[in-house]
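S.K.: Below is a structure I'd like to ask you about.
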Amino acid sequence: MSTSAAGVHAPSAPSASQASRPTVEPNITEPNIPELNVPEPNIPNLVVSAADHPSIQQAIDACASLGGGTVTVPEGVWHTGPLHLKSRIRLNVEAGARVEFSADREDYLPPVFTRWEGLECWNYSPLVYARDCEDVALTGEGELVGHGEAWWDWKRTQAAGSNALYDMAAAGVPVDDRVFGTEEAALRPSFVQFIGCRRVLIEGVTVLDGPQWTLHPVYCDDVVVRGVTVRTAGPNTDGLNPDSCANVLIERCSFDTGDDCIAVNAGMNEDGWRVGRPCENIVIRDCAMTGGHAAIAIGSAVSGGIGNVHVHDCTMRGVMRGVRVKSMRGRGGYVSDLTFERLSIRDVDTVALDVNMFYDTTTVEPKSAAPTDLERVAFRDIDIAGAPLGICLKGLPERPLEGIVLDDIRCAADDGMTCTDVEGLAVRDVACTHAADTTATTTEQER
């Protein structure tokens, strides 16, 4: 187990064959994770088949005009442009149904109100979109196919558009004047976005290769994502991004993604501060993650604040990082009360558990140096095997990490742990097995 030298508020590094004894803060305040009770949508009993209408969207509109209900998409291949859901509507994609979304970008205009990487604007419509709805659901055993490859090349040309949007946000330009939706701006839409909705359910469907973020609830209350399969390959194709939402349950889902599998966000920089809406009361359980940059990411868009997140009983395989809590100077905001427990992490490319306030990859460079407050983060009962580095804790010199608990962690990695600018670190029963099969173990009883 090794510890970096500069600015350390943690013990010096022992050799691989020595038992490490990090400083323990016995009075550390543990995370406070409340019970989560998430109501599901209440959908009327009416059933409308898309087969009885010229298009899926016309079936949705017809069902909504009758007071709402379930719109079924039967077995077969269905071609469509963007689908805009409405209150009290369930879109149920039945087993054997394959919904193929248009690859023509013009089909996703006129622009709609959205949040693009933490910044509000008007942009191309998401492929499935609902705004300011109540009791809305996307369910079934069928497939949604986004043909994201038609959009992915914009990753190389989006810098001018993303910088223009950030400059508008930082300057306080009204949101209604931040209108994009052009090839020159090259801002790709999310695949499924519910924005400003209450009582949302996404269940059972398989979602394949969208333009950018895949499942993206924004400003929503009471969200359930259950039994969903996400498979993506393109740039920035995160699996699921709860964004300034409250009361979110994510369970029994499977992710194999081109970016983070699940990333919890709350707005970016000045625009995140202006909106001031945290992402809080999040439970992630019984999920499987492979591929991508991180299995679970908190941030880096934390400017509105992230709190009360409980991740448990998940498996992570072949990802770049297991758990990644990330921010950088300029984000501000806070991260607090996170608990990660009963996780199995295998074969990561870089770090298994990473808490890092020096995040060095961002779409736009912040205009300020506002640090993020981070406190009360616990990792418990975690099994790590196959990583260059098991645990990385890296705060800022001007804002050290506070209140981190490492408890009952079994780590087989090339290097065990590195800490920089950390205060209030509690280490209990952490065993790190090194490449030479020597073990560094620390238990509370040894102190």
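Here's how to read the names in the structure tokens: chain A, B, ... by the order shown, residue numbers from 1 in each chain, ligand numbers from 1 in the order shown.
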Mind running segment 154-213 of chain A against segment 74-87 of chain A at 12 Å and telling me each contacting residue's nearest atom pair with the distance in Å (one decimal), counting only C-alpha atoms, chain and number ascending, as JSON lines?
M.R.:
```
{"residue": "A:Pro189", "atom": "CA", "partner": "A:Pro82", "partner_atom": "CA", "distance": 10.9}
{"residue": "A:Ser190", "atom": "CA", "partner": "A:Pro82", "partner_atom": "CA", "distance": 11.2}
{"residue": "A:Phe191", "atom": "CA", "partner": "A:Pro82", "partner_atom": "CA", "distance": 9.4}
{"residue": "A:Val192", "atom": "CA", "partner": "A:Leu83", "partner_atom": "CA", "distance": 9.4}
{"residue": "A:Gln193", "atom": "CA", "partner": "A:His84", "partner_atom": "CA", "distance": 9.8}
{"residue": "A:Phe194", "atom": "CA", "partner": "A:Leu85", "partner_atom": "CA", "distance": 8.9}
{"residue": "A:Ile195", "atom": "CA", "partner": "A:Leu85", "partner_atom": "CA", "distance": 11.1}
{"residue": "A:Gly196", "atom": "CA", "partner": "A:Ser87", "partner_atom": "CA", "distance": 11.6}
{"residue": "A:Cys197", "atom": "CA", "partner": "A:Ser87", "partner_atom": "CA", "distance": 8.8}
{"residue": "A:Arg198", "atom": "CA", "partner": "A:Ser87", "partner_atom": "CA", "distance": 9.3}
{"residue": "A:Arg199", "atom": "CA", "partner": "A:Ser87", "partner_atom": "CA", "distance": 9.8}
{"residue": "A:Val200", "atom": "CA", "partner": "A:Ser87", "partner_atom": "CA", "distance": 10.0}
```
S.K.: Nearest to Gly305 of chain A among A:Gly272, A:Gly322, A:Gly204, A:Gly118, with distances taken over only C-alpha atoms: which residue is it?
M.R.: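 Closest to Gly305 of chain A, using only C-alpha atoms: A:Gly272.
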S.K.: In Å, with one decimal, what is the gap from atom CA of Pro111 of chain A to atom CA of Ile56 of chain A?
M.R.: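 About the pair atom CA of Pro111 of chain A and atom CA of Ile56 of chain A: they are 20.2 Å apart.
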S.K.: I'd like to know which of A:Thr290, A:Ser327, A:Asn281, A:Thr229 is closest to Asp259 of chain A, using only C-alpha atoms.
M.R.: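 Of A:Thr290, A:Ser327, A:Asn281, A:Thr229, the one nearest Asp259 of chain A, counting only C-alpha atoms, is A:Thr290.
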S.K.: Name the residues in contact with Ile296 of chain A at a cut-off of 10 Å, using only C-alpha atoms, excluding same-chain residues fewer than 6 positions from it; report them as a ChimeraX atom specification.
M.R.: /A:240,260-264,284,289,311,314,316,319,321-325,340,353
S.K.: Within segment 52-209 of chain A, find each residue whose DSSP state, derived from the backbone, is alpha helix (DSSP H), and express the selection as a PyMOL selection string.
M.R.: chain A and resi 56-65+159-171
S.K.: In Å, rounded to a single decimal, give me how far atom CA of Thr114 of chain A is from atom CA of His293 of chain A.
M.R.: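 Interatomic distance here is 24.3 Å.
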S.K.: To one decimal place in Å, what is the distance between atom CA of Ile391 of chain A and atom CA of Val427 of chain A?
M.R.: 11.9 Å
S.K.: Step one, run DSSP on the backbone; step two, keep only residues of segment 15-135 of chain A assigned to strand (DSSP E or B); then write them as an MDAnalysis selection string.
M.R.: chainID A and resid 47:49 69:73 76:80 83:84 89:93 97:101 112:116 119:123 128:131 134:135
S.K.: Which residue gives the smallest distance to Leu66 of chain A among A:Arg399, A:Asp286, A:Arg231, A:Val47, with only C-alpha atoms counted?
M.R.: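 Of A:Arg399, A:Asp286, A:Arg231, A:Val47, the one nearest Leu66 of chain A is A:Val47, counting only C-alpha atoms.
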S.K.: Need the shell around Arg346 of chain A: protein/DNA/RNA residues with any atom at most 7 Å away, counting only C-alpha atoms. Skip same-chain ones fewer than 4 positions apart. Format as a PyMOL selection string?
M.R.: chain A and resi 316-318+384-386
S.K.: My list of candidates is A:Thr232, A:Asn356, A:Thr29, A:Asn92. Which is closest to Ile60 of chain A when distances are computed with only C-alpha atoms?
M.R.: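 For Ile60 of chain A, the nearest of the given residues is A:Asn92.
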S.K.: Would you kindly return, as a PyMOL selection string, each protein, DNA or RNA residue with an atom no farther than 8 Å from any atom of segment 161-176 of chain A, considering only C-alpha atoms and excluding same-chain residues fewer than 5 positions away?
M.R.: chain A and resi 119-122+184-187+270-271+363-364
S.K.: What does the file look like for those residues with N, CA and C atoms, as a compact mmCIF listing (two decimals), in the first residue's frame?
M.R.:
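As written to disk, part_29.txt reads:
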```
# COMPACT_ATOMS: atom_id res chain seq x y z
N LEU A 119 -25.93 22.19 -18.99
CA LEU A 119 -26.23 23.57 -19.38
C LEU A 119 -27.58 23.61 -20.10
N GLU A 120 -28.46 24.49 -19.66
CA GLU A 120 -29.78 24.59 -20.28
C GLU A 120 -29.71 25.30 -21.63
N CYS A 121 -30.51 24.81 -22.58
CA CYS A 121 -30.58 25.43 -23.90
C CYS A 121 -31.77 24.84 -24.65
N TRP A 122 -31.90 25.26 -25.90
CA TRP A 122 -32.84 24.65 -26.85
C TRP A 122 -32.00 23.95 -27.91
N GLU A 184 -23.65 23.20 -37.34
CA GLU A 184 -22.46 23.96 -36.95
C GLU A 184 -22.19 23.84 -35.45
N ALA A 185 -23.25 23.89 -34.63
CA ALA A 185 -23.07 23.75 -33.18
C ALA A 185 -22.73 22.31 -32.80
N ALA A 186 -23.34 21.35 -33.50
CA ALA A 186 -22.99 19.92 -33.35
C ALA A 186 -23.21 19.41 -31.93
N LEU A 187 -24.28 19.85 -31.28
CA LEU A 187 -24.60 19.36 -29.94
C LEU A 187 -25.58 18.19 -30.07
N GLU A 270 -21.53 27.78 -13.60
CA GLU A 270 -22.44 28.88 -13.28
C GLU A 270 -23.90 28.53 -13.54
N ASP A 271 -24.18 27.76 -14.58
CA ASP A 271 -25.57 27.42 -14.86
C ASP A 271 -26.12 26.46 -13.82
N THR A 363 -15.63 19.03 -21.17
CA THR A 363 -16.02 19.57 -22.47
C THR A 363 -15.66 21.04 -22.58
N VAL A 364 -15.90 21.81 -21.51
CA VAL A 364 -15.55 23.23 -21.50
C VAL A 364 -14.72 23.52 -20.26
```
S.K.: Let me make sure I understand: among A:Val225, A:Ala160, A:Cys411, A:Cys133, which one has the smallest atom-to-atom distance to Val430 of chain A if we use only C-alpha atoms?
M.R.: A:Cys411
